[in-house]
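Contents: one structure, followed by commentary.
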Amino acid sequence: MLQEFYGCLNQLFYSQMRKDDELVCFRDLKPGARHHYLVVPRTHVGNCKSLRKEHIPLVEKMEEMGRSVLQKKKVTDLDDIRMGFHMPPFSSIPHLHLHVIAPASQMSIRSLRNYGPQSYWFITVSGAATYTISLWVVLHVCFMFTIFRSLCVK
């Protein structure tokens, strides 16, 4: 599946919204709102469960690029956006990718289920001031989920 994802990245090269040495941003193939972009690191990071303390600058840069693309696309209400990651096992691609969605208030029912505030498996990026707490929560929830799964399997 990862090979297919990288193949899609190559096909989407022409539709890039923005890129730099670390990240690529392009439009989601199945948009959940008028603006739905993916910010993807060029180096492999498995998923949000793979995030560690050293990834905080990368996640901050991903969020910054997402906001920059929205501004470039003339999105003016940056309070009406959703940015986050799908939590495994509901992550379709085993490579970290940040969903950047706007306007959040106009997401479809399907999109709300996948990316909305009530989605248990969508972990938001809430801002640079709370990254340490947010990433700790992400890692803690992932850890607890892993323990729960291992207990249920036995």
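Each chain in the structure tokens gets a letter, A, B and so on, in the order shown; residues start at 1 in every chain, and ligands are counted from 1 in the order they appear.
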
Within region 31-83 of chain A, find each residue whose DSSP state, derived from the backbone, is strand (DSSP E or B), and express the selection as a ChimeraX atom specification.
-> /A:35-41,82-83

Residues of the last selection are to be written out with N, CA and C atoms, as a short mmCIF file (atom, residue, chain, number, x, y, z; two decimals), in the first residue's frame.
```cif
data_model
loop_
_atom_site.label_atom_id
_atom_site.label_comp_id
_atom_site.auth_asym_id
_atom_site.auth_seq_id
_atom_site.Cartn_x
_atom_site.Cartn_y
_atom_site.Cartn_z
N HIS A 35 -12.02 23.08 0.38
CA HIS A 35 -10.56 23.03 0.44
C HIS A 35 -10.16 21.84 1.31
N HIS A 36 -9.48 20.88 0.72
CA HIS A 36 -9.01 19.71 1.47
C HIS A 36 -7.66 19.33 0.88
N TYR A 37 -6.62 19.56 1.65
CA TYR A 37 -5.26 19.32 1.20
C TYR A 37 -4.56 18.35 2.14
N LEU A 38 -3.55 17.70 1.64
CA LEU A 38 -2.71 16.82 2.44
C LEU A 38 -1.30 17.40 2.47
N VAL A 39 -0.74 17.50 3.64
CA VAL A 39 0.66 17.91 3.80
C VAL A 39 1.42 16.65 4.22
N VAL A 40 2.41 16.29 3.41
CA VAL A 40 3.10 15.01 3.56
C VAL A 40 4.60 15.24 3.69
N PRO A 41 5.23 14.65 4.70
CA PRO A 41 6.69 14.74 4.79
C PRO A 41 7.35 13.90 3.69
N ARG A 82 -10.17 22.45 9.95
CA ARG A 82 -9.81 21.24 10.69
C ARG A 82 -8.45 20.79 10.16
N MET A 83 -7.55 20.54 11.07
CA MET A 83 -6.24 19.98 10.71
C MET A 83 -5.95 18.83 11.64
#
```

Leu96 (chain A) surroundings by only C-alpha atoms, 9 Å radius, close-in-sequence under 5 positions cut, as a PyMOL selection string = chain A and resi 39-41+44-48+50-51+85-86

Write the selection just made, keeping C-alpha atoms, as a PDB file, in the first residue's frame?
```pdb
ATOM      1  CA  VAL A  39       0.656  17.908   3.802  1.00  0.00           C
ATOM      2  CA  VAL A  40       3.098  15.013   3.560  1.00  0.00           C
ATOM      3  CA  PRO A  41       6.687  14.744   4.787  1.00  0.00           C
ATOM      4  CA  HIS A  44       8.989   8.387   5.861  1.00  0.00           C
ATOM      5  CA  VAL A  45       7.153   8.689   9.174  1.00  0.00           C
ATOM      6  CA  GLY A  46       4.737   5.811   9.651  1.00  0.00           C
ATOM      7  CA  ASN A  47       1.655   7.542  11.112  1.00  0.00           C
ATOM      8  CA  CYS A  48       0.627   9.533  14.185  1.00  0.00           C
ATOM      9  CA  SER A  50       5.108   6.936  15.127  1.00  0.00           C
ATOM     10  CA  LEU A  51       5.396  10.532  16.337  1.00  0.00           C
ATOM     11  CA  PHE A  85      -4.271  12.967  11.439  1.00  0.00           C
ATOM     12  CA  HIS A  86      -6.236   9.734  11.234  1.00  0.00           C
TER      13      HIS A  86
END
```

List the neighbours of Trp121 (chain A) out to 9 Å using only C-alpha atoms; skip same-chain residues closer than 6 positions along the sequence, and give me the result as a CSV table (one decimal) with N, CA and C atoms, in the first residue's frame.
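And here's result-v3.csv as it stands now:
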```
chain,number,residue,atom,x,y,z
A,85,PHE,N,-4.7,14.3,11.9
A,85,PHE,CA,-4.3,13.0,11.4
A,85,PHE,C,-5.3,11.9,11.8
A,86,HIS,N,-5.4,10.9,10.9
A,86,HIS,CA,-6.2,9.7,11.2
A,86,HIS,C,-5.4,8.8,12.1
A,87,MET,N,-6.1,8.3,13.1
A,87,MET,CA,-5.5,7.4,14.1
A,87,MET,C,-5.6,6.0,13.6
A,88,PRO,N,-4.5,5.2,13.5
A,88,PRO,CA,-4.7,3.8,13.1
A,88,PRO,C,-5.6,3.1,14.1
A,89,PRO,N,-6.4,2.1,13.6
A,89,PRO,CA,-6.3,1.5,12.3
A,89,PRO,C,-7.1,2.2,11.2
A,90,PHE,N,-7.6,3.4,11.5
A,90,PHE,CA,-8.4,4.1,10.5
A,90,PHE,C,-7.6,5.0,9.6
A,91,SER,N,-6.3,4.7,9.5
A,91,SER,CA,-5.4,5.5,8.6
A,91,SER,C,-5.2,4.6,7.3
A,114,ASN,N,-15.6,11.4,9.3
A,114,ASN,CA,-14.2,11.1,9.2
A,114,ASN,C,-13.3,12.1,9.8
A,115,TYR,N,-13.7,13.4,9.7
A,115,TYR,CA,-12.7,14.5,10.1
A,115,TYR,C,-13.3,15.4,11.2
```

Distance in Å - CA of Ile109 (chain A) versus CA of Lys49 (chain A) =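 CA of Lys49 (chain A) lies 26.5 Å from CA of Ile109 (chain A).
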